[in-house]
Number of protein chains: 2
Amino acid sequence: MERLTRVRIADIAHKAGVSAGTVDRVIHNRGEVSPRTRQKVEAIIREMHYEPDLLASTLASKKTYRFASLLPKSDHESLFWLQPAQGIEKAFKRIKHYGVAYQPYYFDYHNNNSFFDACNKLLEVPPDGLIMAPLFADLAAHFTDRAVELGTAVVFINTHINHSSQRAYVGQDAFRSGKVAAQLLDLCTCCEGELGIINIINQKGSSGHLMSREEGFLDFFAQKKSSHKKISTINVQARPAVSIHKELSENLLGMDGEIKFKGLFVTNSRVYQVADFLENTNKGPLRVVGYDLLDRSLAHLQKGNIDFLISQNPVAQGYHSFMALFDILVRKKTIEKRQYLPIDIVTRENIDYYLKHQNND
Amino acid sequence: MERLTRVRIADIAHKAGVSAGTVDRVIHNRGEVSPRTRQKVEAIIREMHYEPDLLASTLASKKTYRFASLLPKSDHESLFWLQPAQGIEKAFKRIKHYGVAYQPYYFDYHNNNSFFDACNKLLEVPPDGLIMAPLFADLAAHFTDRAVELGTAVVFINTHINHSSQRAYVGQDAFRSGKVAAQLLDLCTCCEGELGIINIINQKGSSGHLMSREEGFLDFFAQKKSSHKKISTINVQARPAVSIHKELSENLLGMDGEIKFKGLFVTNSRVYQVADFLENTNKGPLRVVGYDLLDRSLAHLQKGNIDFLISQNPVAQGYHSFMALFDILVRKKTIEKRQYLPIDIVTRENIDYYLKHQNND
DNA sequence: TTTTTATCCGTGTGCGCACACGAAATTAGA
DNA sequence: TCTAATTTCGTGTGCGCACACGGATAAAAA
């Protein structure tokens, strides 16, 4: 069957009584057009609802868009950051025909110097678009400004910081995710009882994330008028498993050696460490909610030591970040500044589909 | 920055000592090539890892791919089918530059004759690809076969039927979604108590869907060794609200006029009708799980008459169905025959993001 | 007016590919 | 051996657009 006929530059040129070259100059603001003809052409473009053919356009153009990412290296300790990278890769494959090149940069998320170095290296040849995980808020803000001055479009991923020069944030609403966790624990602990919030804090990294989650959690119960639930917060320093166990047993166990909580909310992906601890402990009906689909947590989900994991949709974060840059730079669309992804509730029974779905598309 | 250089047909032609036209004939199996040169060219194509430039290819080709969909008309009673249509529209916008045309067809899902008629009309000019909601299993199977004979690639959406000539099924694993519902009710009803499964059945339509969900629900408790939960099934004919209320009160209320269940699982989107009924009833701590994000159900989710809604991801279903056809026909990729989408658990607290996410992309 | 300069605009080429047409090479027929 | 019928192949054109180049026209200077 024949192709549907679109409006072409030639059509506009003809109708306006000018040449294609002139129309082209109008479209691209390349100047060298008299105000009179410019207006005439612009009017006809609107009138005929002209939209450029992105295919022909990229084919004819030799331009290459340079995209870059700046993410934490994912080490043995946390494979989380592998997933946004996968999503980015997926998006990259989809649109690389459109003349986009991609270069990833990594830093050590325990070490702000490595973030600093990576930024500097990256900005030696400023890319057109940059996906940044702004873990060290001050540094990130500084470099974002510098990048923007150099003409780079910056998108934040996963972690939100208050800043204005970035073009978008793609990630989860941390506060809201805390409310979700609260609701789950509320629904699942029918009798009265104490709930615990466990923050496992990494001294170097930013913990604003965790705070928002905790606040959301508390807010849920504050909103709810009739709540008999007592809630206490436990802060623990992140370190190897063994030493955490000691701290946990001090905080979680009652005099009788039994867990004194009905529900626990672990505010990050370290929830598997809590589950490790719980496994060998005398616990009653205890519900545990945590974050992220790390292998070690999944094993506990399977065994029932963890009931719910809140997924941050890391793959989708990567995918959408990349697409956001594509929309801005190539498709010249305006995009939403805050792109919140769904707060997926994952249990043993629906886990398969979240895992599988990370590879598709 | 300059474009990255890909391998072009001209490169292959040069290396093989033939002309571009010959290479073209090899690539498209258009014959008129001697076996000797054919093999030589094929070898070089592999050797150089040639991949056609989809952009240039569609630009040069005048071919139009005709896609069609056959979905239920969404009436005032159920807006569900609006959403797959939205997803399809979204995908269509994304890829229409590649020379795809799209024509939707609709039928009345109370009426198998209208399905029959729509199929016949559709097949007068068989499309290249078809997305079908196979609600009437026998008819659907028959027409799928006919369409496939006429060279149409068929993809099933939302409802799965046992058949082989379709190219893929995009939708939810109904059985598994029942297990998810079961787990939710199990976690949320700590004390012993009775659970109810409510099937609100539409006489004409296929109910295989609902059965799988019920089976999954039951299977969960069968798998679980130590379950004190009693489970009973209640079948109700779908009809206007008032007459349903009568049936429900007969089945759900005990002698004392109180709900005798701790949890209810409504196996389809009619859950709002149950919630309507519950609203004016003396209920204890009752958990309700149902399907789909219809407005009327959402209102109840908000008010707490429904606790969980399982989303079928209808928008994504539409989107992925269309993309499946695109992959098959345009990109010539092989795709997975069963494309299960995540079983999203939706509560009052995370609903926003599922609703919003339906419009983006 | 003529020349110079600046402003405005049309034409041509190529991006990588699909496809038509006709030329060359090969084979069959006489 | 020469011609006719195939088979095999090369060349040319255009898809819609970006961009370079140079020509035309108008404005400024002589």
# chains A, B, ... in the order shown; residues from 1 in each chain; ligands from 1

$ select_by_dssp --residues "range 69-302 of chain A" --states "strand (DSSP E)" --output "PyMOL selection string"
chain A and resi 69-72+100-107+129-132+153-157+168-171+194-201+230-237+263-266+287-291

$ interface_residues --of "chain B" --to "chain D" --cutoff "10 Å" --atoms "only C-alpha atoms (C1' of nucleotides)" --output "MDAnalysis selection string"
chainID B and resid 18:22 31:34 37 56:62

$ write_last_selection --atoms "N, CA and C atoms" --output "PDB file, in the first residue's frame"
ATOM      1  N   VAL B  18      30.976  -5.948  -6.426  1.00  0.00           N
ATOM      2  CA  VAL B  18      29.724  -5.902  -7.186  1.00  0.00           C
ATOM      3  C   VAL B  18      29.095  -4.535  -6.998  1.00  0.00           C
ATOM      4  N   SER B  19      27.910  -4.358  -7.511  1.00  0.00           N
ATOM      5  CA  SER B  19      27.257  -3.064  -7.367  1.00  0.00           C
ATOM      6  C   SER B  19      26.266  -3.083  -6.206  1.00  0.00           C
ATOM      7  N   ALA B  20      25.855  -1.911  -5.816  1.00  0.00           N
ATOM      8  CA  ALA B  20      24.916  -1.794  -4.693  1.00  0.00           C
ATOM      9  C   ALA B  20      23.612  -2.539  -4.999  1.00  0.00           C
ATOM     10  N   GLY B  21      23.194  -2.456  -6.258  1.00  0.00           N
ATOM     11  CA  GLY B  21      21.959  -3.127  -6.646  1.00  0.00           C
ATOM     12  C   GLY B  21      21.996  -4.613  -6.372  1.00  0.00           C
ATOM     13  N   THR B  22      23.131  -5.213  -6.648  1.00  0.00           N
ATOM     14  CA  THR B  22      23.257  -6.650  -6.411  1.00  0.00           C
ATOM     15  C   THR B  22      23.148  -6.970  -4.924  1.00  0.00           C
ATOM     16  N   GLY B  31      16.042 -12.386  -5.859  1.00  0.00           N
ATOM     17  CA  GLY B  31      16.450 -13.250  -6.961  1.00  0.00           C
ATOM     18  C   GLY B  31      17.339 -12.535  -7.953  1.00  0.00           C
ATOM     19  N   GLU B  32      17.505 -13.159  -9.121  1.00  0.00           N
ATOM     20  CA  GLU B  32      18.304 -12.552 -10.182  1.00  0.00           C
ATOM     21  C   GLU B  32      19.741 -12.340  -9.757  1.00  0.00           C
ATOM     22  N   VAL B  33      20.208 -13.228  -8.925  1.00  0.00           N
ATOM     23  CA  VAL B  33      21.603 -13.190  -8.508  1.00  0.00           C
ATOM     24  C   VAL B  33      22.162 -14.604  -8.642  1.00  0.00           C
ATOM     25  N   SER B  34      23.327 -14.721  -9.204  1.00  0.00           N
ATOM     26  CA  SER B  34      23.910 -16.058  -9.357  1.00  0.00           C
ATOM     27  C   SER B  34      24.318 -16.590  -7.992  1.00  0.00           C
ATOM     28  N   THR B  37      27.826 -15.314  -6.602  1.00  0.00           N
ATOM     29  CA  THR B  37      27.914 -13.962  -6.034  1.00  0.00           C
ATOM     30  C   THR B  37      27.051 -13.833  -4.793  1.00  0.00           C
ATOM     31  N   ALA B  56      16.825   5.170   6.873  1.00  0.00           N
ATOM     32  CA  ALA B  56      16.983   5.332   5.430  1.00  0.00           C
ATOM     33  C   ALA B  56      16.075   4.353   4.701  1.00  0.00           C
ATOM     34  N   SER B  57      15.957   3.189   5.252  1.00  0.00           N
ATOM     35  CA  SER B  57      15.152   2.158   4.618  1.00  0.00           C
ATOM     36  C   SER B  57      13.696   2.578   4.492  1.00  0.00           C
ATOM     37  N   THR B  58      13.121   3.030   5.594  1.00  0.00           N
ATOM     38  CA  THR B  58      11.714   3.411   5.514  1.00  0.00           C
ATOM     39  C   THR B  58      11.542   4.680   4.705  1.00  0.00           C
ATOM     40  N   LEU B  59      12.547   5.516   4.749  1.00  0.00           N
ATOM     41  CA  LEU B  59      12.444   6.745   3.961  1.00  0.00           C
ATOM     42  C   LEU B  59      12.365   6.415   2.473  1.00  0.00           C
ATOM     43  N   ALA B  60      13.202   5.501   2.073  1.00  0.00           N
ATOM     44  CA  ALA B  60      13.250   5.165   0.656  1.00  0.00           C
ATOM     45  C   ALA B  60      12.061   4.317   0.231  1.00  0.00           C
ATOM     46  N   SER B  61      11.567   3.545   1.137  1.00  0.00           N
ATOM     47  CA  SER B  61      10.479   2.636   0.793  1.00  0.00           C
ATOM     48  C   SER B  61       9.142   3.352   0.848  1.00  0.00           C
ATOM     49  N   LYS B  62       8.325   3.057  -0.093  1.00  0.00           N
ATOM     50  CA  LYS B  62       6.986   3.649  -0.084  1.00  0.00           C
ATOM     51  C   LYS B  62       5.988   2.736   0.609  1.00  0.00           C
TER      52      LYS B  62
END

$ closest_residue --among "C:DA30, C:DC17, C:DC9, C:DA24" --to "chain A" --atoms "only C-alpha atoms (C1' of nucleotides)"
C:DC9

$ residues_around --residues "Ala153 in chain A" --least-positions-apart "6" --cutoff "9 Å" --atoms "only C-alpha atoms (C1' of nucleotides)" --output "PDB file with N, CA, C and O atoms, in the first residue's frame"
ATOM      1  N   PRO A 127      29.218  17.128  27.127  1.00  0.00           N
ATOM      2  CA  PRO A 127      28.236  16.435  26.290  1.00  0.00           C
ATOM      3  C   PRO A 127      26.997  17.301  26.084  1.00  0.00           C
ATOM      4  O   PRO A 127      26.820  18.308  26.753  1.00  0.00           O
ATOM      5  N   ASP A 128      26.167  16.888  25.156  1.00  0.00           N
ATOM      6  CA  ASP A 128      24.909  17.618  24.934  1.00  0.00           C
ATOM      7  C   ASP A 128      23.897  17.321  26.036  1.00  0.00           C
ATOM      8  O   ASP A 128      23.102  18.164  26.401  1.00  0.00           O
ATOM      9  N   GLY A 129      23.942  16.100  26.518  1.00  0.00           N
ATOM     10  CA  GLY A 129      23.018  15.706  27.572  1.00  0.00           C
ATOM     11  C   GLY A 129      23.716  14.868  28.619  1.00  0.00           C
ATOM     12  O   GLY A 129      24.633  14.106  28.295  1.00  0.00           O
ATOM     13  N   LEU A 130      23.290  15.012  29.863  1.00  0.00           N
ATOM     14  CA  LEU A 130      23.940  14.279  30.949  1.00  0.00           C
ATOM     15  C   LEU A 130      22.900  13.751  31.942  1.00  0.00           C
ATOM     16  O   LEU A 130      22.039  14.495  32.394  1.00  0.00           O
ATOM     17  N   ILE A 131      23.023  12.485  32.274  1.00  0.00           N
ATOM     18  CA  ILE A 131      22.208  11.886  33.330  1.00  0.00           C
ATOM     19  C   ILE A 131      23.080  11.773  34.572  1.00  0.00           C
ATOM     20  O   ILE A 131      24.108  11.099  34.541  1.00  0.00           O
ATOM     21  N   THR A 144      26.434  20.714  38.193  1.00  0.00           N
ATOM     22  CA  THR A 144      25.272  20.881  37.313  1.00  0.00           C
ATOM     23  C   THR A 144      25.263  22.287  36.729  1.00  0.00           C
ATOM     24  O   THR A 144      25.095  22.476  35.530  1.00  0.00           O
ATOM     25  N   ALA A 147      27.951  22.575  34.120  1.00  0.00           N
ATOM     26  CA  ALA A 147      27.570  21.864  32.893  1.00  0.00           C
ATOM     27  C   ALA A 147      26.545  22.663  32.102  1.00  0.00           C
ATOM     28  O   ALA A 147      26.652  22.806  30.884  1.00  0.00           O
ATOM     29  N   SER A 165      18.735  24.224  37.965  1.00  0.00           N
ATOM     30  CA  SER A 165      19.235  24.300  36.597  1.00  0.00           C
ATOM     31  C   SER A 165      19.142  22.964  35.856  1.00  0.00           C
ATOM     32  O   SER A 165      19.415  22.911  34.669  1.00  0.00           O
ATOM     33  N   GLN A 166      18.785  21.911  36.569  1.00  0.00           N
ATOM     34  CA  GLN A 166      18.588  20.650  35.856  1.00  0.00           C
ATOM     35  C   GLN A 166      17.266  20.674  35.106  1.00  0.00           C
ATOM     36  O   GLN A 166      16.362  21.428  35.451  1.00  0.00           O
ATOM     37  N   ARG A 167      17.158  19.869  34.084  1.00  0.00           N
ATOM     38  CA  ARG A 167      15.979  19.890  33.237  1.00  0.00           C
ATOM     39  C   ARG A 167      14.873  18.990  33.734  1.00  0.00           C
ATOM     40  O   ARG A 167      13.705  19.175  33.393  1.00  0.00           O
ATOM     41  N   LEU A 325      16.290  13.039  27.804  1.00  0.00           N
ATOM     42  CA  LEU A 325      17.305  13.782  27.055  1.00  0.00           C
ATOM     43  C   LEU A 325      17.006  13.755  25.563  1.00  0.00           C
ATOM     44  O   LEU A 325      17.152  14.757  24.868  1.00  0.00           O
ATOM     45  N   ILE A 328      14.241  16.192  24.813  1.00  0.00           N
ATOM     46  CA  ILE A 328      14.697  17.574  24.885  1.00  0.00           C
ATOM     47  C   ILE A 328      15.547  17.931  23.673  1.00  0.00           C
ATOM     48  O   ILE A 328      15.294  18.919  22.987  1.00  0.00           O
ATOM     49  N   LEU A 329      16.544  17.110  23.407  1.00  0.00           N
ATOM     50  CA  LEU A 329      17.579  17.520  22.450  1.00  0.00           C
ATOM     51  C   LEU A 329      17.246  17.166  21.008  1.00  0.00           C
ATOM     52  O   LEU A 329      17.501  17.955  20.111  1.00  0.00           O
TER      53      LEU A 329
END

$ interface_residues --of "chain B" --to "chain A" --cutoff "8 Å" --atoms "only C-alpha atoms" --output "PDB file with N, CA, C and O atoms, in the first residue's frame"
ATOM      1  N   MET B   1      29.590  17.425  16.197  1.00  0.00           N
ATOM      2  CA  MET B   1      30.467  16.248  16.075  1.00  0.00           C
ATOM      3  C   MET B   1      29.984  15.358  14.938  1.00  0.00           C
ATOM      4  O   MET B   1      28.819  15.287  14.622  1.00  0.00           O
ATOM      5  N   GLU B   2      30.927  14.716  14.351  1.00  0.00           N
ATOM      6  CA  GLU B   2      30.581  13.921  13.173  1.00  0.00           C
ATOM      7  C   GLU B   2      29.841  12.637  13.523  1.00  0.00           C
ATOM      8  O   GLU B   2      30.027  12.065  14.582  1.00  0.00           O
ATOM      9  N   ARG B   3      29.058  12.238  12.611  1.00  0.00           N
ATOM     10  CA  ARG B   3      28.290  10.997  12.745  1.00  0.00           C
ATOM     11  C   ARG B   3      29.238   9.803  12.782  1.00  0.00           C
ATOM     12  O   ARG B   3      30.248   9.766  12.096  1.00  0.00           O
ATOM     13  N   LEU B   4      28.856   8.811  13.569  1.00  0.00           N
ATOM     14  CA  LEU B   4      29.644   7.589  13.570  1.00  0.00           C
ATOM     15  C   LEU B   4      29.381   6.843  12.267  1.00  0.00           C
ATOM     16  O   LEU B   4      28.259   6.767  11.780  1.00  0.00           O
ATOM     17  N   ASP B  53      19.998   0.364   7.834  1.00  0.00           N
ATOM     18  CA  ASP B  53      19.593   1.584   8.514  1.00  0.00           C
ATOM     19  C   ASP B  53      18.088   1.738   8.366  1.00  0.00           C
ATOM     20  O   ASP B  53      17.576   2.036   7.291  1.00  0.00           O
ATOM     21  N   LEU B  54      17.395   1.504   9.472  1.00  0.00           N
ATOM     22  CA  LEU B  54      15.936   1.491   9.409  1.00  0.00           C
ATOM     23  C   LEU B  54      15.393   2.842   8.942  1.00  0.00           C
ATOM     24  O   LEU B  54      14.360   2.919   8.269  1.00  0.00           O
ATOM     25  N   LEU B  55      16.087   3.889   9.316  1.00  0.00           N
ATOM     26  CA  LEU B  55      15.628   5.219   8.920  1.00  0.00           C
ATOM     27  C   LEU B  55      15.663   5.382   7.406  1.00  0.00           C
ATOM     28  O   LEU B  55      14.661   5.698   6.772  1.00  0.00           O
ATOM     29  N   ALA B  56      16.825   5.170   6.873  1.00  0.00           N
ATOM     30  CA  ALA B  56      16.983   5.332   5.430  1.00  0.00           C
ATOM     31  C   ALA B  56      16.075   4.353   4.701  1.00  0.00           C
ATOM     32  O   ALA B  56      15.499   4.676   3.656  1.00  0.00           O
ATOM     33  N   LEU B  59      12.547   5.516   4.749  1.00  0.00           N
ATOM     34  CA  LEU B  59      12.444   6.745   3.961  1.00  0.00           C
ATOM     35  C   LEU B  59      12.365   6.415   2.473  1.00  0.00           C
ATOM     36  O   LEU B  59      11.556   6.970   1.733  1.00  0.00           O
ATOM     37  N   LYS B  62       8.325   3.057  -0.093  1.00  0.00           N
ATOM     38  CA  LYS B  62       6.986   3.649  -0.084  1.00  0.00           C
ATOM     39  C   LYS B  62       5.988   2.736   0.609  1.00  0.00           C
ATOM     40  O   LYS B  62       4.795   2.991   0.606  1.00  0.00           O
ATOM     41  N   LYS B  63       6.501   1.673   1.180  1.00  0.00           N
ATOM     42  CA  LYS B  63       5.605   0.690   1.769  1.00  0.00           C
ATOM     43  C   LYS B  63       4.893   1.229   3.010  1.00  0.00           C
ATOM     44  O   LYS B  63       5.471   1.959   3.804  1.00  0.00           O
ATOM     45  N   THR B  64       3.649   0.872   3.151  1.00  0.00           N
ATOM     46  CA  THR B  64       2.917   1.199   4.371  1.00  0.00           C
ATOM     47  C   THR B  64       2.476  -0.087   5.045  1.00  0.00           C
ATOM     48  O   THR B  64       1.926  -0.979   4.396  1.00  0.00           O
ATOM     49  N   TYR B  65       2.750  -0.195   6.322  1.00  0.00           N
ATOM     50  CA  TYR B  65       2.269  -1.336   7.090  1.00  0.00           C
ATOM     51  C   TYR B  65       0.923  -0.982   7.669  1.00  0.00           C
ATOM     52  O   TYR B  65       0.756   0.069   8.269  1.00  0.00           O
ATOM     53  N   HIS B  97       6.007   7.298  11.917  1.00  0.00           N
ATOM     54  CA  HIS B  97       6.958   7.761  10.896  1.00  0.00           C
ATOM     55  C   HIS B  97       7.490   6.605  10.078  1.00  0.00           C
ATOM     56  O   HIS B  97       7.947   6.798   8.972  1.00  0.00           O
ATOM     57  N   GLY B  99       6.081   4.478   8.616  1.00  0.00           N
ATOM     58  CA  GLY B  99       5.185   4.021   7.568  1.00  0.00           C
ATOM     59  C   GLY B  99       4.139   3.045   8.049  1.00  0.00           C
ATOM     60  O   GLY B  99       3.777   2.126   7.334  1.00  0.00           O
ATOM     61  N   ARG B 176      -1.735 -16.258  38.277  1.00  0.00           N
ATOM     62  CA  ARG B 176      -0.790 -15.670  39.210  1.00  0.00           C
ATOM     63  C   ARG B 176      -1.388 -14.460  39.931  1.00  0.00           C
ATOM     64  O   ARG B 176      -1.133 -14.243  41.112  1.00  0.00           O
ATOM     65  N   SER B 177      -2.172 -13.702  39.226  1.00  0.00           N
ATOM     66  CA  SER B 177      -2.765 -12.532  39.868  1.00  0.00           C
ATOM     67  C   SER B 177      -3.701 -12.960  40.992  1.00  0.00           C
ATOM     68  O   SER B 177      -3.825 -12.273  42.004  1.00  0.00           O
ATOM     69  N   LYS B 179      -3.123 -15.503  42.870  1.00  0.00           N
ATOM     70  CA  LYS B 179      -2.246 -15.820  43.991  1.00  0.00           C
ATOM     71  C   LYS B 179      -1.833 -14.547  44.728  1.00  0.00           C
ATOM     72  O   LYS B 179      -1.729 -14.536  45.957  1.00  0.00           O
ATOM     73  N   VAL B 180      -1.598 -13.503  43.960  1.00  0.00           N
ATOM     74  CA  VAL B 180      -1.222 -12.238  44.592  1.00  0.00           C
ATOM     75  C   VAL B 180      -2.346 -11.747  45.500  1.00  0.00           C
ATOM     76  O   VAL B 180      -2.112 -11.358  46.648  1.00  0.00           O
ATOM     77  N   GLN B 183      -2.396 -13.736  48.642  1.00  0.00           N
ATOM     78  CA  GLN B 183      -1.342 -13.381  49.586  1.00  0.00           C
ATOM     79  C   GLN B 183      -1.672 -12.089  50.324  1.00  0.00           C
ATOM     80  O   GLN B 183      -1.460 -11.980  51.535  1.00  0.00           O
ATOM     81  N   LEU B 187      -2.013 -11.860  54.290  1.00  0.00           N
ATOM     82  CA  LEU B 187      -1.171 -11.011  55.129  1.00  0.00           C
ATOM     83  C   LEU B 187      -1.997 -10.019  55.942  1.00  0.00           C
ATOM     84  O   LEU B 187      -1.610  -9.637  57.044  1.00  0.00           O
ATOM     85  N   CYS B 188      -3.116  -9.618  55.387  1.00  0.00           N
ATOM     86  CA  CYS B 188      -3.875  -8.532  56.009  1.00  0.00           C
ATOM     87  C   CYS B 188      -4.967  -9.004  56.957  1.00  0.00           C
ATOM     88  O   CYS B 188      -5.665  -8.181  57.538  1.00  0.00           O
ATOM     89  N   THR B 189      -5.158 -10.286  57.054  1.00  0.00           N
ATOM     90  CA  THR B 189      -6.173 -10.782  57.980  1.00  0.00           C
ATOM     91  C   THR B 189      -5.505 -11.752  58.938  1.00  0.00           C
ATOM     92  O   THR B 189      -5.509 -12.960  58.742  1.00  0.00           O
ATOM     93  N   CYS B 190      -4.943 -11.175  59.985  1.00  0.00           N
ATOM     94  CA  CYS B 190      -4.074 -11.984  60.829  1.00  0.00           C
ATOM     95  C   CYS B 190      -4.842 -13.026  61.628  1.00  0.00           C
ATOM     96  O   CYS B 190      -4.445 -14.166  61.751  1.00  0.00           O
ATOM     97  N   TYR B 340       3.997 -11.355  29.588  1.00  0.00           N
ATOM     98  CA  TYR B 340       3.255 -11.054  30.808  1.00  0.00           C
ATOM     99  C   TYR B 340       3.689  -9.703  31.358  1.00  0.00           C
ATOM    100  O   TYR B 340       4.873  -9.421  31.464  1.00  0.00           O
ATOM    101  N   LEU B 341       2.727  -8.927  31.713  1.00  0.00           N
ATOM    102  CA  LEU B 341       3.036  -7.630  32.303  1.00  0.00           C
ATOM    103  C   LEU B 341       2.976  -7.732  33.819  1.00  0.00           C
ATOM    104  O   LEU B 341       2.339  -8.629  34.367  1.00  0.00           O
ATOM    105  N   PRO B 342       3.643  -6.814  34.500  1.00  0.00           N
ATOM    106  CA  PRO B 342       3.655  -6.852  35.957  1.00  0.00           C
ATOM    107  C   PRO B 342       2.248  -6.841  36.550  1.00  0.00           C
ATOM    108  O   PRO B 342       1.317  -6.271  35.982  1.00  0.00           O
ATOM    109  N   ILE B 343       2.124  -7.503  37.684  1.00  0.00           N
ATOM    110  CA  ILE B 343       0.866  -7.510  38.414  1.00  0.00           C
ATOM    111  C   ILE B 343       0.959  -6.418  39.463  1.00  0.00           C
ATOM    112  O   ILE B 343       1.429  -6.637  40.575  1.00  0.00           O
ATOM    113  N   ASP B 344       0.523  -5.233  39.102  1.00  0.00           N
ATOM    114  CA  ASP B 344       0.711  -4.083  39.981  1.00  0.00           C
ATOM    115  C   ASP B 344      -0.300  -4.076  41.113  1.00  0.00           C
ATOM    116  O   ASP B 344      -1.505  -4.214  40.887  1.00  0.00           O
ATOM    117  N   ILE B 345       0.218  -3.885  42.295  1.00  0.00           N
ATOM    118  CA  ILE B 345      -0.625  -3.770  43.474  1.00  0.00           C
ATOM    119  C   ILE B 345      -0.843  -2.291  43.760  1.00  0.00           C
ATOM    120  O   ILE B 345       0.119  -1.567  44.028  1.00  0.00           O
ATOM    121  N   VAL B 346      -2.084  -1.878  43.714  1.00  0.00           N
ATOM    122  CA  VAL B 346      -2.370  -0.455  43.843  1.00  0.00           C
ATOM    123  C   VAL B 346      -3.177  -0.179  45.112  1.00  0.00           C
ATOM    124  O   VAL B 346      -4.160  -0.872  45.386  1.00  0.00           O
ATOM    125  N   THR B 347      -2.726   0.787  45.876  1.00  0.00           N
ATOM    126  CA  THR B 347      -3.448   1.201  47.070  1.00  0.00           C
ATOM    127  C   THR B 347      -3.725   2.695  46.987  1.00  0.00           C
ATOM    128  O   THR B 347      -3.329   3.358  46.035  1.00  0.00           O
ATOM    129  N   GLU B 349      -2.327   4.881  48.542  1.00  0.00           N
ATOM    130  CA  GLU B 349      -1.109   5.674  48.668  1.00  0.00           C
ATOM    131  C   GLU B 349      -0.243   5.722  47.412  1.00  0.00           C
ATOM    132  O   GLU B 349       0.546   6.636  47.235  1.00  0.00           O
ATOM    133  N   ASN B 350      -0.360   4.735  46.568  1.00  0.00           N
ATOM    134  CA  ASN B 350       0.498   4.772  45.375  1.00  0.00           C
ATOM    135  C   ASN B 350      -0.307   4.917  44.082  1.00  0.00           C
ATOM    136  O   ASN B 350       0.245   4.825  42.984  1.00  0.00           O
ATOM    137  N   TYR B 353       0.599   7.490  40.870  1.00  0.00           N
ATOM    138  CA  TYR B 353       1.639   7.250  39.878  1.00  0.00           C
ATOM    139  C   TYR B 353       1.177   6.289  38.800  1.00  0.00           C
ATOM    140  O   TYR B 353       1.617   6.370  37.667  1.00  0.00           O
ATOM    141  N   TYR B 354       0.269   5.408  39.159  1.00  0.00           N
ATOM    142  CA  TYR B 354      -0.251   4.510  38.127  1.00  0.00           C
ATOM    143  C   TYR B 354      -1.199   5.257  37.194  1.00  0.00           C
ATOM    144  O   TYR B 354      -1.212   5.021  35.994  1.00  0.00           O
ATOM    145  N   HIS B 357       0.972   7.738  35.034  1.00  0.00           N
ATOM    146  CA  HIS B 357       1.874   7.070  34.111  1.00  0.00           C
ATOM    147  C   HIS B 357       1.174   6.581  32.853  1.00  0.00           C
ATOM    148  O   HIS B 357       1.800   6.174  31.883  1.00  0.00           O
TER     149      HIS B 357
END

$ interface_residues --of "chain C" --to "chain A" --cutoff "10 Å" --atoms "only C-alpha atoms (C1' of nucleotides)" --output "ChimeraX atom specification"
/C:7-11,14-16
